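Next comes structure_22.txt, with compact mmCIF, N, CA and C atoms.
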```
# COMPACT_ATOMS: atom_id res chain seq x y z
N MET A 1 126.21 34.14 170.34
CA MET A 1 125.23 34.87 169.57
C MET A 1 124.87 36.13 170.35
N SER A 2 124.87 37.27 169.66
CA SER A 2 124.58 38.53 170.34
C SER A 2 123.08 38.68 170.59
N PHE A 3 122.75 39.63 171.46
CA PHE A 3 121.35 39.89 171.80
C PHE A 3 120.54 40.25 170.56
N ARG A 4 121.08 41.13 169.73
CA ARG A 4 120.34 41.56 168.54
C ARG A 4 120.16 40.43 167.53
N GLU A 5 121.14 39.56 167.44
CA GLU A 5 121.00 38.42 166.54
C GLU A 5 119.88 37.49 167.03
N LYS A 6 119.81 37.29 168.33
CA LYS A 6 118.74 36.45 168.89
C LYS A 6 117.37 37.07 168.60
N ILE A 7 117.27 38.38 168.73
CA ILE A 7 116.01 39.06 168.46
C ILE A 7 115.65 38.93 166.97
N HIS A 8 116.65 38.99 166.11
CA HIS A 8 116.39 38.82 164.68
C HIS A 8 115.88 37.40 164.39
N TRP A 9 116.42 36.40 165.07
CA TRP A 9 115.92 35.04 164.88
C TRP A 9 114.47 34.93 165.32
N VAL A 10 114.14 35.54 166.45
CA VAL A 10 112.75 35.52 166.92
C VAL A 10 111.84 36.22 165.92
N ALA A 11 112.28 37.35 165.38
CA ALA A 11 111.48 38.08 164.39
C ALA A 11 111.29 37.25 163.12
N PHE A 12 112.34 36.58 162.67
CA PHE A 12 112.26 35.76 161.47
C PHE A 12 111.25 34.62 161.66
N VAL A 13 111.37 33.92 162.77
CA VAL A 13 110.45 32.81 163.05
C VAL A 13 109.02 33.33 163.22
N GLY A 14 108.86 34.47 163.91
CA GLY A 14 107.53 35.05 164.08
C GLY A 14 106.90 35.45 162.77
N LEU A 15 107.68 36.04 161.88
CA LEU A 15 107.15 36.41 160.55
C LEU A 15 106.73 35.18 159.77
N VAL A 16 107.58 34.16 159.77
CA VAL A 16 107.24 32.94 159.03
C VAL A 16 106.00 32.29 159.62
N ALA A 17 105.90 32.24 160.94
CA ALA A 17 104.74 31.61 161.58
C ALA A 17 103.46 32.41 161.33
N GLY A 18 103.50 33.70 161.60
CA GLY A 18 102.30 34.53 161.47
C GLY A 18 101.79 34.62 160.05
N PHE A 19 102.66 35.02 159.14
CA PHE A 19 102.21 35.22 157.78
C PHE A 19 102.16 33.91 157.00
N GLY A 20 102.89 32.90 157.46
CA GLY A 20 102.73 31.57 156.87
C GLY A 20 101.32 31.07 157.13
N TRP A 21 100.86 31.25 158.37
CA TRP A 21 99.48 30.87 158.70
C TRP A 21 98.49 31.68 157.85
N TYR A 22 98.73 32.97 157.74
CA TYR A 22 97.81 33.82 156.98
C TYR A 22 97.68 33.34 155.53
N PHE A 23 98.81 33.19 154.86
CA PHE A 23 98.75 32.86 153.43
C PHE A 23 98.33 31.42 153.18
N LEU A 24 98.58 30.53 154.10
CA LEU A 24 98.15 29.14 153.91
C LEU A 24 96.68 28.93 154.23
N SER A 25 96.11 29.73 155.14
CA SER A 25 94.72 29.51 155.50
C SER A 25 93.76 30.54 154.89
N TYR A 26 94.26 31.45 154.09
CA TYR A 26 93.39 32.46 153.47
C TYR A 26 92.48 31.79 152.43
N PRO A 27 91.20 32.14 152.40
CA PRO A 27 90.29 31.55 151.40
C PRO A 27 90.47 32.23 150.04
N TRP A 28 91.40 31.74 149.26
CA TRP A 28 91.78 32.37 148.00
C TRP A 28 90.65 32.41 146.98
N ALA A 29 89.70 31.52 147.07
CA ALA A 29 88.58 31.51 146.12
C ALA A 29 87.71 32.75 146.28
N THR A 30 87.71 33.34 147.46
CA THR A 30 86.87 34.52 147.71
C THR A 30 87.67 35.81 147.78
N ALA A 31 88.89 35.81 147.28
CA ALA A 31 89.77 36.97 147.43
C ALA A 31 89.21 38.24 146.81
N ASN A 32 88.49 38.14 145.71
CA ASN A 32 87.99 39.32 145.02
C ASN A 32 86.57 39.70 145.37
N THR A 33 86.07 39.17 146.47
CA THR A 33 84.73 39.54 146.92
C THR A 33 84.83 40.41 148.17
N ARG A 34 83.71 41.01 148.51
CA ARG A 34 83.69 41.83 149.73
C ARG A 34 83.98 40.97 150.96
N SER A 35 83.42 39.78 151.00
CA SER A 35 83.68 38.91 152.16
C SER A 35 85.15 38.48 152.21
N GLY A 36 85.77 38.34 151.05
CA GLY A 36 87.20 38.01 151.01
C GLY A 36 88.05 39.13 151.57
N MET A 37 87.67 40.37 151.25
CA MET A 37 88.41 41.51 151.79
C MET A 37 88.21 41.63 153.30
N LEU A 38 86.98 41.40 153.77
CA LEU A 38 86.73 41.44 155.21
C LEU A 38 87.48 40.31 155.92
N THR A 39 87.52 39.15 155.28
CA THR A 39 88.29 38.03 155.84
C THR A 39 89.76 38.41 155.95
N SER A 40 90.27 39.08 154.94
CA SER A 40 91.66 39.52 154.96
C SER A 40 91.93 40.45 156.13
N VAL A 41 91.03 41.38 156.35
CA VAL A 41 91.19 42.33 157.45
C VAL A 41 91.12 41.59 158.79
N TRP A 42 90.14 40.72 158.95
CA TRP A 42 89.99 40.02 160.23
C TRP A 42 91.11 39.02 160.48
N MET A 43 91.68 38.46 159.43
CA MET A 43 92.79 37.52 159.61
C MET A 43 94.07 38.22 160.03
N LEU A 44 94.15 39.52 159.83
CA LEU A 44 95.34 40.26 160.25
C LEU A 44 95.46 40.35 161.77
N PHE A 45 94.34 40.28 162.48
CA PHE A 45 94.39 40.33 163.94
C PHE A 45 95.11 39.11 164.52
N PRO A 46 94.68 37.88 164.20
CA PRO A 46 95.44 36.73 164.73
C PRO A 46 96.86 36.66 164.17
N THR A 47 97.05 37.11 162.93
CA THR A 47 98.39 37.11 162.34
C THR A 47 99.31 38.01 163.16
N THR A 48 98.81 39.17 163.54
CA THR A 48 99.59 40.10 164.36
C THR A 48 99.90 39.49 165.72
N ILE A 49 98.93 38.82 166.30
CA ILE A 49 99.15 38.19 167.60
C ILE A 49 100.17 37.06 167.47
N ILE A 50 100.06 36.25 166.41
CA ILE A 50 101.01 35.16 166.20
C ILE A 50 102.42 35.72 166.03
N PHE A 51 102.54 36.89 165.44
CA PHE A 51 103.85 37.51 165.24
C PHE A 51 104.35 38.20 166.52
N LEU A 52 103.46 38.93 167.20
CA LEU A 52 103.88 39.75 168.33
C LEU A 52 104.17 38.96 169.60
N VAL A 53 103.42 37.91 169.87
CA VAL A 53 103.62 37.15 171.11
C VAL A 53 105.04 36.59 171.19
N PRO A 54 105.55 35.90 170.15
CA PRO A 54 106.95 35.45 170.25
C PRO A 54 107.95 36.61 170.32
N MET A 55 107.65 37.71 169.63
CA MET A 55 108.56 38.86 169.67
C MET A 55 108.66 39.43 171.09
N ILE A 56 107.52 39.62 171.72
CA ILE A 56 107.51 40.19 173.07
C ILE A 56 108.12 39.20 174.06
N ALA A 57 107.71 37.94 173.97
CA ALA A 57 108.23 36.93 174.90
C ALA A 57 109.73 36.72 174.69
N GLY A 58 110.16 36.63 173.43
CA GLY A 58 111.58 36.43 173.15
C GLY A 58 112.42 37.61 173.58
N SER A 59 111.96 38.81 173.30
CA SER A 59 112.69 40.01 173.71
C SER A 59 112.81 40.09 175.22
N ALA A 60 111.71 39.83 175.92
CA ALA A 60 111.74 39.87 177.38
C ALA A 60 112.65 38.78 177.93
N TYR A 61 112.55 37.58 177.38
CA TYR A 61 113.37 36.47 177.85
C TYR A 61 114.86 36.77 177.69
N PHE A 62 115.25 37.21 176.50
CA PHE A 62 116.67 37.47 176.26
C PHE A 62 117.16 38.71 177.01
N ALA A 63 116.28 39.69 177.21
CA ALA A 63 116.68 40.88 177.98
C ALA A 63 116.87 40.54 179.45
N ILE A 64 116.05 39.65 179.97
CA ILE A 64 116.19 39.24 181.37
C ILE A 64 117.44 38.39 181.55
N ARG A 65 117.71 37.52 180.60
CA ARG A 65 118.89 36.64 180.70
C ARG A 65 120.20 37.40 180.56
N THR A 66 120.23 38.40 179.68
CA THR A 66 121.47 39.16 179.45
C THR A 66 121.17 40.65 179.45
N PRO A 67 120.90 41.24 180.62
CA PRO A 67 120.52 42.65 180.65
C PRO A 67 121.62 43.60 180.19
N LYS A 68 122.88 43.25 180.46
CA LYS A 68 123.97 44.13 180.02
C LYS A 68 124.03 44.20 178.51
N GLU A 69 123.87 43.05 177.87
CA GLU A 69 123.92 43.00 176.41
C GLU A 69 122.72 43.72 175.79
N ALA A 70 121.57 43.62 176.43
CA ALA A 70 120.36 44.25 175.91
C ALA A 70 120.45 45.77 175.92
N ASN A 71 121.23 46.31 176.85
CA ASN A 71 121.35 47.76 176.98
C ASN A 71 122.52 48.36 176.21
N LEU A 72 123.30 47.52 175.55
CA LEU A 72 124.44 48.03 174.79
C LEU A 72 123.97 48.81 173.56
N LYS A 73 124.71 49.85 173.23
CA LYS A 73 124.43 50.58 171.99
C LYS A 73 124.95 49.77 170.81
N GLU A 74 124.37 50.04 169.65
CA GLU A 74 124.86 49.38 168.44
C GLU A 74 126.28 49.83 168.15
N ASP A 75 127.14 48.86 167.82
CA ASP A 75 128.48 49.23 167.40
C ASP A 75 128.50 49.40 165.88
N GLU A 76 129.64 49.75 165.35
CA GLU A 76 129.75 50.01 163.90
C GLU A 76 129.41 48.77 163.07
N ARG A 77 129.81 47.59 163.57
CA ARG A 77 129.53 46.34 162.86
C ARG A 77 128.02 46.11 162.74
N GLU A 78 127.30 46.31 163.84
CA GLU A 78 125.85 46.11 163.83
C GLU A 78 125.15 47.15 162.96
N LYS A 79 125.63 48.37 162.97
CA LYS A 79 125.05 49.40 162.11
C LYS A 79 125.23 49.03 160.64
N LEU A 80 126.40 48.51 160.29
CA LEU A 80 126.66 48.09 158.92
C LEU A 80 125.79 46.90 158.54
N ILE A 81 125.61 45.96 159.46
CA ILE A 81 124.75 44.80 159.21
C ILE A 81 123.32 45.25 158.95
N HIS A 82 122.80 46.16 159.75
CA HIS A 82 121.44 46.65 159.56
C HIS A 82 121.30 47.42 158.25
N LEU A 83 122.32 48.18 157.91
CA LEU A 83 122.31 48.92 156.65
C LEU A 83 122.29 47.97 155.45
N LYS A 84 123.12 46.94 155.50
CA LYS A 84 123.18 45.97 154.40
C LYS A 84 121.88 45.19 154.28
N GLY A 85 121.27 44.84 155.41
CA GLY A 85 120.00 44.13 155.38
C GLY A 85 118.89 44.97 154.78
N THR A 86 118.85 46.24 155.17
CA THR A 86 117.84 47.15 154.62
C THR A 86 118.06 47.36 153.13
N HIS A 87 119.30 47.45 152.73
CA HIS A 87 119.63 47.60 151.31
C HIS A 87 119.17 46.37 150.52
N ALA A 88 119.36 45.19 151.06
CA ALA A 88 118.95 43.96 150.37
C ALA A 88 117.43 43.88 150.25
N ALA A 89 116.70 44.39 151.23
CA ALA A 89 115.24 44.30 151.22
C ALA A 89 114.60 45.32 150.28
N TYR A 90 115.33 46.35 149.93
CA TYR A 90 114.78 47.40 149.08
C TYR A 90 114.39 46.86 147.70
N TYR A 91 115.19 46.01 147.13
CA TYR A 91 114.95 45.54 145.77
C TYR A 91 113.71 44.67 145.64
N PRO A 92 113.50 43.66 146.49
CA PRO A 92 112.24 42.93 146.36
C PRO A 92 111.02 43.78 146.65
N LEU A 93 111.16 44.77 147.52
CA LEU A 93 110.03 45.66 147.80
C LEU A 93 109.67 46.46 146.56
N VAL A 94 110.64 47.07 145.93
CA VAL A 94 110.38 47.89 144.74
C VAL A 94 109.85 47.02 143.60
N LEU A 95 110.47 45.88 143.38
CA LEU A 95 110.01 45.00 142.29
C LEU A 95 108.60 44.50 142.53
N GLY A 96 108.27 44.17 143.78
CA GLY A 96 106.93 43.71 144.11
C GLY A 96 105.88 44.79 143.91
N VAL A 97 106.20 46.00 144.32
CA VAL A 97 105.24 47.10 144.15
C VAL A 97 105.04 47.39 142.66
N TRP A 98 106.13 47.43 141.89
CA TRP A 98 105.99 47.68 140.46
C TRP A 98 105.23 46.55 139.77
N ALA A 99 105.47 45.31 140.16
CA ALA A 99 104.74 44.18 139.57
C ALA A 99 103.26 44.29 139.91
N ASN A 100 102.94 44.71 141.12
CA ASN A 100 101.54 44.86 141.51
C ASN A 100 100.88 46.00 140.74
N ILE A 101 101.58 47.10 140.56
CA ILE A 101 101.02 48.21 139.78
C ILE A 101 100.77 47.77 138.35
N PHE A 102 101.73 47.08 137.78
CA PHE A 102 101.58 46.58 136.41
C PHE A 102 100.39 45.61 136.31
N ALA A 103 100.24 44.73 137.29
CA ALA A 103 99.14 43.77 137.29
C ALA A 103 97.80 44.48 137.45
N MET A 104 97.73 45.52 138.29
CA MET A 104 96.47 46.25 138.47
C MET A 104 96.09 47.01 137.20
N ILE A 105 97.07 47.58 136.52
CA ILE A 105 96.79 48.27 135.26
C ILE A 105 96.21 47.31 134.24
N ASN A 106 96.66 46.06 134.30
CA ASN A 106 96.20 45.05 133.35
C ASN A 106 95.03 44.23 133.85
N GLY A 107 94.32 44.70 134.86
CA GLY A 107 93.05 44.10 135.25
C GLY A 107 93.04 43.21 136.47
N LEU A 108 94.10 43.15 137.24
CA LEU A 108 94.09 42.33 138.46
C LEU A 108 93.08 42.93 139.43
N MET A 109 92.28 42.09 140.02
CA MET A 109 91.25 42.56 140.94
C MET A 109 91.86 42.97 142.28
N TYR A 110 91.14 43.82 143.01
CA TYR A 110 91.66 44.43 144.23
C TYR A 110 91.97 43.42 145.33
N GLY A 111 91.19 42.37 145.44
CA GLY A 111 91.43 41.38 146.50
C GLY A 111 92.79 40.72 146.36
N TRP A 112 93.11 40.33 145.15
CA TRP A 112 94.42 39.74 144.90
C TRP A 112 95.52 40.78 145.08
N SER A 113 95.24 41.99 144.65
CA SER A 113 96.24 43.05 144.74
C SER A 113 96.64 43.34 146.18
N VAL A 114 95.68 43.39 147.07
CA VAL A 114 95.98 43.65 148.49
C VAL A 114 96.86 42.54 149.04
N ASN A 115 96.55 41.30 148.71
CA ASN A 115 97.34 40.18 149.22
C ASN A 115 98.73 40.13 148.58
N ILE A 116 98.84 40.53 147.33
CA ILE A 116 100.16 40.57 146.69
C ILE A 116 101.02 41.67 147.32
N LEU A 117 100.41 42.82 147.60
CA LEU A 117 101.15 43.88 148.29
C LEU A 117 101.60 43.43 149.68
N MET A 118 100.71 42.72 150.40
CA MET A 118 101.08 42.24 151.72
C MET A 118 102.20 41.19 151.61
N ALA A 119 102.11 40.32 150.62
CA ALA A 119 103.17 39.33 150.42
C ALA A 119 104.48 40.00 150.06
N THR A 120 104.42 41.08 149.30
CA THR A 120 105.63 41.83 148.95
C THR A 120 106.29 42.41 150.21
N LEU A 121 105.47 42.99 151.08
CA LEU A 121 106.02 43.54 152.33
C LEU A 121 106.63 42.46 153.21
N VAL A 122 105.92 41.34 153.33
CA VAL A 122 106.42 40.25 154.17
C VAL A 122 107.70 39.66 153.59
N LEU A 123 107.72 39.45 152.28
CA LEU A 123 108.92 38.91 151.64
C LEU A 123 110.11 39.86 151.82
N SER A 124 109.87 41.15 151.66
CA SER A 124 110.94 42.13 151.84
C SER A 124 111.46 42.13 153.27
N GLU A 125 110.56 42.01 154.22
CA GLU A 125 110.97 41.97 155.63
C GLU A 125 111.75 40.68 155.92
N LEU A 126 111.33 39.57 155.33
CA LEU A 126 112.07 38.32 155.51
C LEU A 126 113.46 38.42 154.88
N VAL A 127 113.55 39.09 153.73
CA VAL A 127 114.86 39.30 153.11
C VAL A 127 115.74 40.18 154.00
N ARG A 128 115.15 41.23 154.56
CA ARG A 128 115.91 42.13 155.44
C ARG A 128 116.45 41.40 156.66
N VAL A 129 115.56 40.72 157.36
CA VAL A 129 115.97 40.01 158.58
C VAL A 129 116.90 38.85 158.23
N GLY A 130 116.59 38.13 157.15
CA GLY A 130 117.44 37.02 156.73
C GLY A 130 118.84 37.48 156.34
N ALA A 131 118.93 38.60 155.64
CA ALA A 131 120.25 39.14 155.27
C ALA A 131 121.01 39.57 156.51
N GLN A 132 120.32 40.18 157.46
CA GLN A 132 121.00 40.58 158.68
C GLN A 132 121.51 39.37 159.46
N LEU A 133 120.70 38.31 159.50
CA LEU A 133 121.16 37.09 160.16
C LEU A 133 122.36 36.50 159.43
N TYR A 134 122.34 36.53 158.12
CA TYR A 134 123.47 36.05 157.34
C TYR A 134 124.74 36.83 157.66
N TYR A 135 124.62 38.15 157.71
CA TYR A 135 125.78 38.98 158.01
C TYR A 135 126.26 38.82 159.44
N TYR A 136 125.34 38.57 160.38
CA TYR A 136 125.77 38.27 161.75
C TYR A 136 126.59 36.99 161.77
N ARG A 137 126.14 35.97 161.04
CA ARG A 137 126.84 34.69 161.01
C ARG A 137 128.18 34.81 160.29
N ARG A 138 128.24 35.63 159.26
CA ARG A 138 129.49 35.82 158.50
C ARG A 138 130.51 36.62 159.28
N GLY A 139 130.04 37.39 160.25
CA GLY A 139 130.95 38.15 161.08
C GLY A 139 131.26 39.53 160.53
N TYR A 140 130.38 40.11 159.73
CA TYR A 140 130.60 41.46 159.23
C TYR A 140 130.52 42.46 160.33
```
Let me see whether you can do it: turn the structure in this file into structure tokens.
Amino acid sequence: MSFREKIHWVAFVGLVAGFGWYFLSYPWATANTRSGMLTSVWMLFPTTIIFLVPMIAGSAYFAIRTPKEANLKEDEREKLIHLKGTHAAYYPLVLGVWANIFAMINGLMYGWSVNILMATLVLSELVRVGAQLYYYRRGY
């Protein structure tokens, strides 16, 4: 497994852990109130920490274990993998944003809208990283 693939695995697990905690522990009954919005903002701090700590620790660990691999430039295969992953993530991002705009036009309250936009971003990032991991495994 290459250095970049390992980092992608750490990012995938960190995203699932951080935002999984956020969406599972968010007080959905208060989403459309001022306190719900403040809760959303304050919950982003631990979510960021839950995501960043494994990313920093994993990156440092793998860079220390394989310093030559960590300093290598991306080859054509890795550039293509990143391009394909970004391409795959574009569609759920656009569809999520359009669905949110449509829902807001039809009366969706702002508290739900903020969380749906955040879920759209997280889902798109999971698709991007997941697609890149898939292409690394396939050997593209």
A:Leu38, A:Leu52, A:Leu72, A:Leu44: which is nearest Phe23 in chain A, counting only C-alpha atoms?
-> A:Leu44
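Our summary of the geometry notes that atom N of Gly20 in chain A is positioned 13.3 Å from atom N of Ile116 in chain A.
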Any idea what the distance is between atom C of Lys84 in chain A and atom C of Pro54 in chain A?
->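 Distance reported for this atom pair: 22.9 Å.
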Identify which of the residues A:Val127, A:Ala119, A:Arg138, A:Ile7 lies closest to Ala63 in chain A, counting only C-alpha atoms when measuring atom-to-atom distances.
->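 Smallest separation from Ala63 in chain A among the options: A:Ile7.
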Atom-to-atom span, atom N of Glu76 in chain A and CA of Phe12 in chain A, Å |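 Atom-to-atom, atom N of Glu76 in chain A and CA of Phe12 in chain A are spaced 22.6 Å apart.
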From chain A, collect each residue whose DSSP state is alpha helix (DSSP H) and return the set as a ChimeraX atom specification.
-> /A:3-25,34-65,67-70,76-105,110-138
